[in-house]
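Chemist: work15.pdb is the file, holding PDB, C-alpha atoms and all ligand atoms:
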ATOM      1  CA  MET A   1     -11.752  20.812 -28.767
ATOM      2  CA  GLN A   2     -13.581  18.060 -26.866
ATOM      3  CA  HIS A   3     -13.673  17.544 -23.133
ATOM      4  CA  VAL A   4     -14.292  13.960 -22.037
ATOM      5  CA  PHE A   5     -14.988  12.567 -18.590
ATOM      6  CA  PRO A   6     -16.485   9.419 -17.076
ATOM      7  CA  SER A   7     -20.115   9.508 -15.958
ATOM      8  CA  TYR A   8     -19.122   9.477 -12.252
ATOM      9  CA  TYR A   9     -16.657  12.389 -12.559
ATOM     10  CA  LYS A  10     -18.850  15.124 -11.119
ATOM     11  CA  LYS A  11     -19.951  13.065  -8.108
ATOM     12  CA  PHE A  12     -16.647  13.623  -6.304
ATOM     13  CA  LYS A  13     -16.547  15.711  -3.157
ATOM     14  CA  CYS A  14     -13.660  15.515  -0.682
ATOM     15  CA  ILE A  15     -14.834  13.984   2.622
ATOM     16  CA  ASN A  16     -12.258  16.023   4.611
ATOM     17  CA  LYS A  17     -12.204  15.015   8.299
ATOM     18  CA  LYS A  18     -13.805  11.649   7.563
ATOM     19  CA  CYS A  19     -10.950  10.612   5.256
ATOM     20  CA  ARG A  20      -8.753   7.867   6.740
ATOM     21  CA  HIS A  21      -5.864   8.590   4.350
ATOM     22  CA  ASN A  22      -5.610  12.308   4.087
ATOM     23  CA  CYS A  23      -3.818  13.300   0.874
ATOM     24  CA  CYS A  24      -2.202  16.201   2.809
ATOM     25  CA  ILE A  25      -0.074  13.624   4.685
ATOM     26  CA  GLY A  26       2.867  11.757   3.249
ATOM     27  CA  TRP A  27       3.216  13.483  -0.156
ATOM     28  CA  GLU A  28       5.438  16.370  -1.161
ATOM     29  CA  ILE A  29       3.141  19.097  -2.529
ATOM     30  CA  ASP A  30       4.623  21.269  -5.276
ATOM     31  CA  ILE A  31       3.354  24.833  -5.693
ATOM     32  CA  ASP A  32       2.774  26.206  -9.208
ATOM     33  CA  SER A  33       4.352  29.580 -10.073
ATOM     34  CA  GLU A  34       1.057  31.526 -10.250
ATOM     35  CA  THR A  35       0.024  30.393  -6.760
ATOM     36  CA  LEU A  36       3.549  30.993  -5.444
ATOM     37  CA  ALA A  37       3.369  34.611  -6.633
ATOM     38  CA  ARG A  38      -0.069  34.982  -4.988
ATOM     39  CA  TYR A  39       1.226  33.552  -1.690
ATOM     40  CA  GLY A  40       4.107  36.055  -1.855
ATOM     41  CA  SER A  41       1.616  38.936  -1.790
ATOM     42  CA  VAL A  42      -0.290  37.715   1.308
ATOM     43  CA  GLY A  43       0.388  39.950   4.325
ATOM     44  CA  GLY A  44      -0.020  39.628   8.110
ATOM     45  CA  GLU A  45       0.398  36.428  10.137
ATOM     46  CA  MET A  46      -0.688  34.181   7.243
ATOM     47  CA  GLY A  47       1.887  35.810   4.955
ATOM     48  CA  LYS A  48       4.653  35.109   7.502
ATOM     49  CA  ARG A  49       3.463  31.542   7.963
ATOM     50  CA  LEU A  50       3.389  30.960   4.198
ATOM     51  CA  SER A  51       6.884  32.267   3.675
ATOM     52  CA  LYS A  52       8.247  30.099   6.543
ATOM     53  CA  SER A  53       6.496  26.986   5.244
ATOM     54  CA  ILE A  54       7.572  27.057   1.606
ATOM     55  CA  SER A  55      10.889  25.754   0.310
ATOM     56  CA  ARG A  56      12.190  27.161  -2.963
ATOM     57  CA  ASP A  57      14.837  24.500  -3.196
ATOM     58  CA  GLY A  58      14.178  23.007  -6.654
ATOM     59  CA  GLU A  59      10.441  23.111  -7.430
ATOM     60  CA  ALA A  60       8.693  25.289  -4.779
ATOM     61  CA  HIS A  61       6.916  23.073  -2.247
ATOM     62  CA  PHE A  62       5.484  23.039   1.263
ATOM     63  CA  ILE A  63       7.940  21.965   3.980
ATOM     64  CA  LEU A  64       6.252  18.976   5.615
ATOM     65  CA  SER A  65       5.879  18.938   9.423
ATOM     66  CA  ASP A  66       6.217  15.968  11.795
ATOM     67  CA  GLY A  67       4.486  12.858  10.514
ATOM     68  CA  GLU A  68       4.953  14.237   6.969
ATOM     69  CA  ARG A  69       1.898  16.467   7.385
ATOM     70  CA  CYS A  70       1.301  19.508   5.198
ATOM     71  CA  PRO A  71       2.161  22.478   7.484
ATOM     72  CA  PHE A  72      -1.316  23.948   6.862
ATOM     73  CA  LEU A  73      -3.204  20.808   7.891
ATOM     74  CA  ASN A  74      -4.543  21.705  11.337
ATOM     75  CA  SER A  75      -5.218  19.425  14.317
ATOM     76  CA  GLU A  76      -8.767  18.812  13.066
ATOM     77  CA  ASN A  77      -7.350  17.749   9.690
ATOM     78  CA  LEU A  78      -8.756  20.835   8.008
ATOM     79  CA  CYS A  79      -6.775  23.093   5.683
ATOM     80  CA  ASP A  80      -5.791  26.484   7.188
ATOM     81  CA  ILE A  81      -5.237  27.932   3.694
ATOM     82  CA  ILE A  82      -8.871  27.253   2.800
ATOM     83  CA  LEU A  83     -10.080  28.467   6.211
ATOM     84  CA  THR A  84      -8.059  31.700   6.039
ATOM     85  CA  LEU A  85      -7.755  32.583   2.340
ATOM     86  CA  GLY A  86     -10.564  30.574   0.738
ATOM     87  CA  GLU A  87     -10.603  27.518  -1.519
ATOM     88  CA  GLU A  88      -9.656  29.618  -4.564
ATOM     89  CA  SER A  89      -6.231  30.209  -2.951
ATOM     90  CA  LEU A  90      -5.160  26.574  -3.186
ATOM     91  CA  CYS A  91      -2.293  25.649  -5.498
ATOM     92  CA  THR A  92      -3.186  23.665  -8.631
ATOM     93  CA  ILE A  93      -2.251  20.264  -7.172
ATOM     94  CA  CYS A  94      -4.413  20.757  -4.060
ATOM     95  CA  ARG A  95      -7.309  22.241  -6.058
ATOM     96  CA  GLU A  96      -7.311  19.462  -8.662
ATOM     97  CA  HIS A  97      -6.512  16.389  -6.549
ATOM     98  CA  PRO A  98      -7.632  13.619  -7.113
ATOM     99  CA  ARG A  99      -8.617  14.634 -10.635
ATOM    100  CA  PHE A 100      -6.302  13.971 -13.599
ATOM    101  CA  HIS A 101      -6.343  15.463 -17.088
ATOM    102  CA  ASN A 102      -4.827  13.851 -20.184
ATOM    103  CA  SER A 103      -4.213  16.210 -23.087
ATOM    104  CA  LEU A 104      -4.682  14.350 -26.360
ATOM    105  CA  PRO A 105      -4.931  15.640 -29.929
ATOM    106  CA  GLY A 106      -8.301  17.431 -30.210
ATOM    107  CA  ARG A 107      -9.471  16.526 -26.712
ATOM    108  CA  ILE A 108      -8.813  16.691 -23.001
ATOM    109  CA  GLU A 109      -9.770  13.590 -21.034
ATOM    110  CA  SER A 110     -10.360  14.040 -17.300
ATOM    111  CA  GLY A 111     -10.981  11.541 -14.552
ATOM    112  CA  LEU A 112     -10.686  10.798 -10.848
ATOM    113  CA  GLY A 113      -7.660   8.926  -9.473
ATOM    114  CA  LEU A 114      -7.926   5.760  -7.376
ATOM    115  CA  CYS A 115      -5.326   6.989  -4.851
ATOM    116  CA  CYS A 116      -8.110   8.906  -3.048
ATOM    117  CA  GLU A 117     -10.353   6.652  -0.978
ATOM    118  CA  GLU A 118     -13.516   8.630  -1.764
ATOM    119  CA  ALA A 119     -12.751   8.664  -5.495
ATOM    120  CA  ALA A 120     -12.087   4.905  -5.301
ATOM    121  CA  ARG A 121     -15.483   4.438  -3.581
ATOM    122  CA  ILE A 122     -17.201   6.330  -6.391
ATOM    123  CA  ILE A 123     -15.336   4.584  -9.241
ATOM    124  CA  ILE A 124     -15.405   1.002  -7.960
ATOM    125  CA  GLY A 125     -18.890   1.394  -6.462
ATOM    126  CA  GLN A 126     -20.422   2.585  -9.733
ATOM    127  CA  VAL A 127     -22.994  -0.119 -10.443
ATOM    128  CA  GLU A 128     -23.861   0.787 -14.033
ATOM    129  CA  PRO A 129     -21.169   0.496 -16.735
ATOM    130  CA  THR A 130     -19.114   3.693 -16.886
ATOM    131  CA  LEU A 131     -20.014   5.905 -19.825
ATOM    132  CA  LEU A 132     -17.672   8.493 -21.279
ATOM    133  CA  GLU A 133     -19.437  11.831 -21.598
ATOM    134  CA  ILE A 134     -18.159  13.971 -24.476
ATOM    135  CA  PHE A 135     -18.609  17.734 -24.701
ATOM    136  CA  GLY A 136     -17.614  19.913 -27.645
ATOM    137  CA  GLU A 137     -16.623  19.124 -31.219
ATOM    138  CA  SER A 138     -13.521  17.642 -32.781
ATOM    139  CA  ASP A 139     -13.060  16.175 -36.247
ATOM    140  CA  TYR A 140      -9.773  14.559 -35.248
ATOM    141  CA  TYR A 141      -9.924  10.775 -35.772
ATOM    142  CA  ASP A 142      -7.581   8.686 -33.675
ATOM    143  CA  GLU A 143      -7.376   4.917 -34.219
ATOM    144  CA  ILE A 144      -6.071   4.436 -30.671
ATOM    145  CA  ILE A 145      -9.174   6.144 -29.197
ATOM    146  CA  ASP A 146     -11.331   4.022 -31.503
ATOM    147  CA  LEU A 147      -9.636   0.822 -30.266
ATOM    148  CA  ARG A 148      -9.792   2.056 -26.642
ATOM    149  CA  ASP A 149     -13.569   2.532 -26.933
ATOM    150  CA  ARG A 150     -13.931  -1.024 -28.278
ATOM    151  CA  VAL A 151     -11.735  -2.365 -25.448
ATOM    152  CA  ILE A 152     -14.030  -0.659 -22.905
ATOM    153  CA  LEU A 153     -17.085  -2.286 -24.517
ATOM    154  CA  VAL A 154     -15.385  -5.713 -24.263
ATOM    155  CA  LEU A 155     -14.686  -5.087 -20.565
ATOM    156  CA  GLN A 156     -18.320  -4.086 -20.041
ATOM    157  CA  ASP A 157     -19.805  -7.198 -21.705
ATOM    158  CA  ARG A 158     -21.640  -8.443 -18.631
ATOM    159  CA  SER A 159     -22.826 -11.605 -20.381
ATOM    160  CA  ARG A 160     -19.308 -12.993 -19.695
ATOM    161  CA  PRO A 161     -17.323 -13.468 -16.470
ATOM    162  CA  ILE A 162     -14.739 -10.778 -15.806
ATOM    163  CA  SER A 163     -11.771 -13.160 -16.306
ATOM    164  CA  GLU A 164     -13.024 -13.927 -19.838
ATOM    165  CA  ARG A 165     -13.534 -10.224 -20.558
ATOM    166  CA  ILE A 166      -9.920  -9.539 -19.515
ATOM    167  CA  ARG A 167      -8.702 -12.301 -21.871
ATOM    168  CA  ASN A 168     -10.851 -10.917 -24.689
ATOM    169  CA  MET A 169      -9.376  -7.459 -24.096
ATOM    170  CA  LEU A 170      -5.841  -8.864 -24.442
ATOM    171  CA  ASP A 171      -6.822 -10.722 -27.639
ATOM    172  CA  LEU A 172      -8.402  -7.614 -29.158
ATOM    173  CA  CYS A 173      -5.167  -5.668 -28.531
ATOM    174  CA  GLY A 174      -2.818  -8.509 -29.521
ATOM    175  CA  ALA A 175      -1.374  -8.300 -26.005
ATOM    176  CA  SER A 176      -0.334 -10.848 -23.400
ATOM    177  CA  LEU A 177       1.267 -11.001 -19.973
ATOM    178  CA  PRO A 178       4.879 -12.236 -19.811
ATOM    179  CA  GLN A 179       5.009 -15.802 -18.459
ATOM    180  CA  LYS A 180       6.244 -15.557 -14.863
ATOM    181  CA  THR A 181       5.621 -17.531 -11.704
ATOM    182  CA  ALA A 182       3.712 -16.007  -8.781
ATOM    183  CA  GLU A 183       7.026 -15.698  -6.877
ATOM    184  CA  GLU A 184       8.636 -13.875  -9.802
ATOM    185  CA  TRP A 185       5.761 -11.368 -10.004
ATOM    186  CA  CYS A 186       5.931 -10.827  -6.224
ATOM    187  CA  ASP A 187       9.680 -10.206  -6.480
ATOM    188  CA  ILE A 188       9.065  -7.642  -9.225
ATOM    189  CA  PHE A 189       6.505  -5.775  -7.098
ATOM    190  CA  LEU A 190       8.727  -6.045  -4.019
ATOM    191  CA  SER A 191      11.649  -4.518  -5.945
ATOM    192  CA  LEU A 192       9.651  -1.334  -6.665
ATOM    193  CA  GLU A 193       9.777   1.837  -4.582
ATOM    194  CA  SER A 194       7.254   1.662  -1.716
ATOM    195  CA  LEU A 195       5.492   4.130   0.627
ATOM    196  CA  ASP A 196       3.880   1.917   3.249
ATOM    197  CA  THR A 197       5.224  -1.227   4.913
ATOM    198  CA  LYS A 198       1.635  -2.593   4.960
ATOM    199  CA  TRP A 199       1.909  -2.960   1.181
ATOM    200  CA  THR A 200       5.293  -4.727   1.215
ATOM    201  CA  ASN A 201       4.190  -6.967   4.119
ATOM    202  CA  MET A 202       1.168  -8.012   2.095
ATOM    203  CA  LEU A 203       3.319  -8.801  -0.971
ATOM    204  CA  THR A 204       5.798 -10.742   1.187
ATOM    205  CA  LEU A 205       2.932 -12.784   2.642
ATOM    206  CA  LEU A 206       1.560 -13.401  -0.852
ATOM    207  CA  ARG A 207       4.980 -14.612  -1.987
ATOM    208  CA  SER A 208       5.251 -17.156   0.822
ATOM    209  CA  GLU A 209       1.606 -18.276   1.000
ATOM    210  CA  HIS A 210       0.211 -18.020  -2.521
ATOM    211  CA  LYS A 211      -0.144 -21.803  -2.746
ATOM    212  CA  SER A 212      -2.568 -21.860   0.204
ATOM    213  CA  ILE A 213      -4.913 -19.223  -1.289
ATOM    214  CA  ASP A 214      -8.402 -20.531  -2.075
ATOM    215  CA  LEU A 215      -8.980 -18.590  -5.295
ATOM    216  CA  ALA A 216     -12.124 -20.566  -6.200
ATOM    217  CA  ALA A 217     -13.772 -19.746  -2.847
ATOM    218  CA  PHE A 218     -12.820 -16.100  -3.277
ATOM    219  CA  ASP A 219     -14.234 -15.970  -6.815
ATOM    220  CA  ARG A 220     -17.521 -17.404  -5.468
ATOM    221  CA  HIS A 221     -17.490 -14.733  -2.762
ATOM    222  CA  MET A 222     -17.013 -12.023  -5.420
ATOM    223  CA  SER A 223     -19.412 -13.483  -7.988
ATOM    224  CA  GLU A 224     -22.045 -10.766  -7.455
ATOM    225  CA  ARG A 225     -19.408  -8.014  -7.319
ATOM    226  CA  GLN A 226     -17.697  -8.416 -10.686
ATOM    227  CA  SER A 227     -18.579  -4.836 -11.582
ATOM    228  CA  GLU A 228     -15.874  -3.766  -9.078
ATOM    229  CA  TYR A 229     -13.198  -5.433 -11.247
ATOM    230  CA  GLU A 230     -14.845  -4.143 -14.407
ATOM    231  CA  GLN A 231     -14.655  -0.569 -13.097
ATOM    232  CA  LEU A 232     -11.006  -1.065 -12.089
ATOM    233  CA  ALA A 233     -10.060  -2.345 -15.556
ATOM    234  CA  VAL A 234     -12.062   0.363 -17.367
ATOM    235  CA  TYR A 235     -10.358   3.010 -15.202
ATOM    236  CA  ILE A 236      -6.879   1.708 -16.120
ATOM    237  CA  ILE A 237      -7.746   1.550 -19.811
ATOM    238  CA  TYR A 238      -9.359   5.011 -19.808
ATOM    239  CA  ARG A 239      -6.377   6.541 -18.033
ATOM    240  CA  TYR A 240      -3.404   4.857 -19.752
ATOM    241  CA  PHE A 241      -4.418   3.526 -23.178
ATOM    242  CA  ALA A 242      -4.975   6.667 -25.242
ATOM    243  CA  ASN A 243      -1.703   8.368 -24.177
ATOM    244  CA  SER A 244       0.181   5.847 -26.282
ATOM    245  CA  PHE A 245       2.339   6.698 -29.233
ATOM    246  CA  ASP A 246       0.968   3.829 -31.355
ATOM    247  CA  ILE A 247      -1.214   0.718 -31.149
ATOM    248  CA  SER A 248       1.637  -1.520 -29.996
ATOM    249  CA  GLU A 249       2.378   0.823 -27.080
ATOM    250  CA  ALA A 250      -1.360   0.953 -26.325
ATOM    251  CA  SER A 251      -1.407  -2.837 -26.082
ATOM    252  CA  VAL A 252       1.013  -2.517 -23.134
ATOM    253  CA  ALA A 253      -1.709  -0.553 -21.300
ATOM    254  CA  ALA A 254      -4.018  -3.544 -21.872
ATOM    255  CA  SER A 255      -1.369  -5.854 -20.384
ATOM    256  CA  PHE A 256      -1.063  -3.447 -17.456
ATOM    257  CA  ALA A 257      -4.853  -3.556 -16.870
ATOM    258  CA  SER A 258      -4.678  -7.355 -16.901
ATOM    259  CA  LEU A 259      -1.751  -7.349 -14.449
ATOM    260  CA  CYS A 260      -3.598  -4.936 -12.119
ATOM    261  CA  TYR A 261      -6.680  -7.163 -12.206
ATOM    262  CA  SER A 262      -4.612 -10.301 -11.414
ATOM    263  CA  LEU A 263      -2.705  -8.658  -8.578
ATOM    264  CA  ILE A 264      -5.767  -7.043  -6.944
ATOM    265  CA  ARG A 265      -7.783 -10.267  -7.294
ATOM    266  CA  THR A 266      -4.980 -12.412  -5.814
ATOM    267  CA  LEU A 267      -4.351 -10.010  -2.923
ATOM    268  CA  GLY A 268      -8.116  -9.911  -2.278
ATOM    269  CA  ALA A 269      -8.134 -13.716  -2.213
ATOM    270  CA  LEU A 270      -5.197 -13.689   0.221
ATOM    271  CA  ILE A 271      -7.088 -11.353   2.585
ATOM    272  CA  TYR A 272     -10.254 -13.471   2.239
ATOM    273  CA  THR A 273      -8.373 -16.726   2.908
ATOM    274  CA  LYS A 274      -6.786 -15.219   6.044
ATOM    275  CA  THR A 275      -9.772 -13.324   7.486
ATOM    276  CA  LYS A 276     -12.822 -15.035   5.905
ATOM    277  CA  LYS A 277     -14.055 -11.548   5.052
ATOM    278  CA  PHE A 278     -13.609  -9.200   2.107
ATOM    279  CA  ASP A 279     -16.279  -6.519   1.846
ATOM    280  CA  PHE A 280     -16.573  -3.432  -0.351
ATOM    281  CA  GLU A 281     -14.540  -1.249   2.042
ATOM    282  CA  ASP A 282     -11.754  -3.902   2.136
ATOM    283  CA  HIS A 283     -11.669  -3.776  -1.662
ATOM    284  CA  ILE A 284     -11.537   0.043  -1.683
ATOM    285  CA  GLU A 285      -8.642   0.020   0.783
ATOM    286  CA  LEU A 286      -6.739  -2.565  -1.278
ATOM    287  CA  ILE A 287      -7.254  -0.669  -4.534
ATOM    288  CA  ARG A 288      -6.403   2.695  -2.928
ATOM    289  CA  MET A 289      -3.170   1.249  -1.568
ATOM    290  CA  PHE A 290      -2.299  -0.298  -4.931
ATOM    291  CA  SER A 291      -2.921   3.046  -6.629
ATOM    292  CA  CYS A 292      -0.751   5.022  -4.158
ATOM    293  CA  GLU A 293       2.062   2.461  -4.328
ATOM    294  CA  ILE A 294       2.110   1.698  -8.040
ATOM    295  CA  GLU A 295       0.064   4.107 -10.079
ATOM    296  CA  TYR A 296       1.113   7.331  -8.381
ATOM    297  CA  SER A 297       4.825   6.580  -8.657
ATOM    298  CA  SER A 298       6.071   7.389 -12.147
ATOM    299  CA  GLU A 299       9.213   5.273 -11.477
ATOM    300  CA  ASN A 300       7.070   2.231 -10.641
ATOM    301  CA  ILE A 301       4.726   2.701 -13.580
ATOM    302  CA  ASP A 302       7.707   3.087 -15.957
ATOM    303  CA  ALA A 303       9.385  -0.031 -14.512
ATOM    304  CA  LEU A 304       6.230  -2.122 -14.964
ATOM    305  CA  PHE A 305       5.545  -0.832 -18.473
ATOM    306  CA  ASP A 306       9.152  -1.726 -19.382
ATOM    307  CA  ILE A 307       8.604  -5.297 -18.164
ATOM    308  CA  LEU A 308       5.315  -5.539 -20.072
ATOM    309  CA  THR A 309       6.732  -4.165 -23.323
TER     310      THR A 309
HETATM  311  S1  LIG B 401      -7.658  11.604  -0.130
HETATM  312 FE1  LIG B 401      -9.531  12.331  -1.185
HETATM  313  S2  LIG B 401     -11.169  12.347   0.363
HETATM  314 FE2  LIG B 401      -9.178  12.186   1.427
HETATM  315  S3  LIG B 401      -8.629  14.318   1.968
HETATM  316 FE3  LIG B 401      -7.668  13.856  -0.017
HETATM  317  S4  LIG B 401      -9.142  14.508  -1.615
HETATM  318 FE4  LIG B 401     -10.253  14.393   0.354
END
Just give me the structure of the file as structure tokens.
Modeler:
Amino acid sequence: MQHVFPSYYKKFKCINKKCRHNCCIGWEIDIDSETLARYGSVGGEMGKRLSKSISRDGEAHFILSDGERCPFLNSENLCDIILTLGEESLCTICREHPRFHNSLPGRIESGLGLCCEEAARIIIGQVEPTLLEIFGESDYYDEIIDLRDRVILVLQDRSRPISERIRNMLDLCGASLPQKTAEEWCDIFLSLESLDTKWTNMLTLLRSEHKSIDLAAFDRHMSERQSEYEQLAVYIIYRYFANSFDISEASVAASFASLCYSLIRTLGALIYTKTKKFDFEDHIELIRMFSCEIEYSSENIDALFDILT
């Protein structure tokens, strides 16, 4: 069995109090059965607090407090479970977040998810092309993995501008984006489930003002920062391509990477046109929001993949 992860994977460390978008706020956190049994055996005040704060309605989960906060997130935005019982007492979701693991034949591929601002900083801020580090042996050959590795090399061909690399990726996979106007794409994104009105406000503004966006000026502004788009596209391909049933399904992941690039670039250009500024932290915030809104909603991902198929 092989274990694969990107070269930046081990750099991640949660920034706790410094995080502007704490992942313990706004998400329902399910508790795996092993952890649930362990929490059931905790005594004293913490045991009482745990039993009051867990719902067993459907999948066991923490009952969120006001402001959709995890009930164990204290006023200093630190986790009382870690402080009282130790980090090893966290449930799987809390222990693993923002890491993901894809189980594929003969290998497990792990990575960091862009919904966490610190993970996004590490991924998008990686200056060198991302390498996939492979540990262990497997004699399983998979043509989709082989094509995925070639797609990543195309995306990392820094002798070409990023827009050309994206086109070359689509050509290599025999993929394309459906022909739609900017308004039609905005309407599609606006029809999806959303978490934050900031996201829908931005899409609404894009829909009404896309003709006034100075894309050429924005591209000049980003000309020395193309690696940020490269890392975004490589992340999408690494995460979604190899899960596919066959090559034609994998080509949809290439279309999805192209769509993500177009949307993030156009929204970046909108922000730049409005504010005359778009720095690295602005890009991280945009990509983090995109990831929370689109990538971390299975309904939204399924809806977009359906449109791209
Ligand atoms: S979003 Fe990331 S950095 Fe922020 S609290 Fe969660 S794991 Fe830590």
Chemist: Evaluate the PyMOL selection byres (((chain A and resi 61-67) around 10) and not hetatm) against this structure - the residues, as an MDAnalysis selection string, please.
Modeler: chainID A and resid 24:32 36 50:60 68:73
Chemist: Between CA of Arg220 (chain A) and CA of Leu205 (chain A), what is the distance, to one decimal in Å?
Modeler: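 Interatomic distance, CA of Arg220 (chain A) to CA of Leu205 (chain A): 22.5 Å.
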Chemist: For this structure, which residues satisfy the selection - the PyMOL selection byres (((chain A and resi 250-256) around 8) and not hetatm) - when it is evaluated on the file as given? I want them as an MDAnalysis selection string.
Modeler: chainID A and resid 144 169:170 173:177 236:237 240:249 257:260 304:305 308:309
Chemist: Counting only C-alpha atoms, note down every residue that has an atom within 10 Å of the point (-8.8, 13.3, 4.6) (file coordinates), as a short mmCIF file (atom, residue, chain, number, x, y, z; two decimals) with C-alpha atoms, in the coordinates of the input.
Modeler:
data_model
loop_
_atom_site.label_atom_id
_atom_site.label_comp_id
_atom_site.auth_asym_id
_atom_site.auth_seq_id
_atom_site.Cartn_x
_atom_site.Cartn_y
_atom_site.Cartn_z
CA CYS A 14 -13.66 15.52 -0.68
CA ILE A 15 -14.83 13.98 2.62
CA ASN A 16 -12.26 16.02 4.61
CA LYS A 17 -12.20 15.02 8.30
CA LYS A 18 -13.80 11.65 7.56
CA CYS A 19 -10.95 10.61 5.26
CA ARG A 20 -8.75 7.87 6.74
CA HIS A 21 -5.86 8.59 4.35
CA ASN A 22 -5.61 12.31 4.09
CA CYS A 23 -3.82 13.30 0.87
CA CYS A 24 -2.20 16.20 2.81
CA ILE A 25 -0.07 13.62 4.68
CA LEU A 73 -3.20 20.81 7.89
CA ASN A 77 -7.35 17.75 9.69
CA LEU A 78 -8.76 20.84 8.01
CA CYS A 116 -8.11 8.91 -3.05
CA GLU A 117 -10.35 6.65 -0.98
CA GLU A 118 -13.52 8.63 -1.76
#
Chemist: If you count all atoms listed in the file, which residues fall within 12 Å of Lys211 (chain A), apart from same-chain ones fewer than 6 positions away, as a PDB file with C-alpha atoms, in the frame of the given file?
Modeler:
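As a result, result.pdb now contains:
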ATOM      1  CA  THR A 181       5.621 -17.531 -11.704  1.00  0.00           C
ATOM      2  CA  ALA A 182       3.712 -16.007  -8.781  1.00  0.00           C
ATOM      3  CA  GLU A 183       7.026 -15.698  -6.877  1.00  0.00           C
ATOM      4  CA  LEU A 205       2.932 -12.784   2.642  1.00  0.00           C
ATOM      5  CA  THR A 266      -4.980 -12.412  -5.814  1.00  0.00           C
ATOM      6  CA  ALA A 269      -8.134 -13.716  -2.213  1.00  0.00           C
ATOM      7  CA  LEU A 270      -5.197 -13.689   0.221  1.00  0.00           C
ATOM      8  CA  THR A 273      -8.373 -16.726   2.908  1.00  0.00           C
TER       9      THR A 273
END
Chemist: Residues within 9 Å of Val234 (chain A), please, as a list in words. Count all atoms listed in the file; anything in the same chain fewer than 2 positions from it doesn't count.
Modeler: Thr130, Val151, Ile152, Leu155, Gln156, Tyr229, Glu230, Gln231, Leu232, Ile236, Ile237, Tyr238, Arg239 and Ala257 of chain A
Chemist: Choose the residue, out of A:Ile122, A:His221, A:Arg265, A:Ile81, that has the smallest atom-to-atom separation from Ser163 (chain A); count all atoms listed in the file.
Modeler: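 Looking only at the distances to Ser163 (chain A), the closest residue turns out to be A:Arg265.
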Chemist: Rounded to one decimal, what separation in Å do you get between CA of His3 (chain A) and CA of Ser110 (chain A)?
Modeler: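 A separation of 7.6 Å between them.
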Chemist: From the list A:Leu85, A:Met46, A:Phe290, A:Ala120, which residue is nearest ligand LIG 401 (chain B) when using only C-alpha atoms and all ligand atoms?
Modeler: A:Ala120
Chemist: CA of Pro105 (chain A) and CA of Asp139 (chain A) are how many Å apart?
Modeler: 10.3 Å
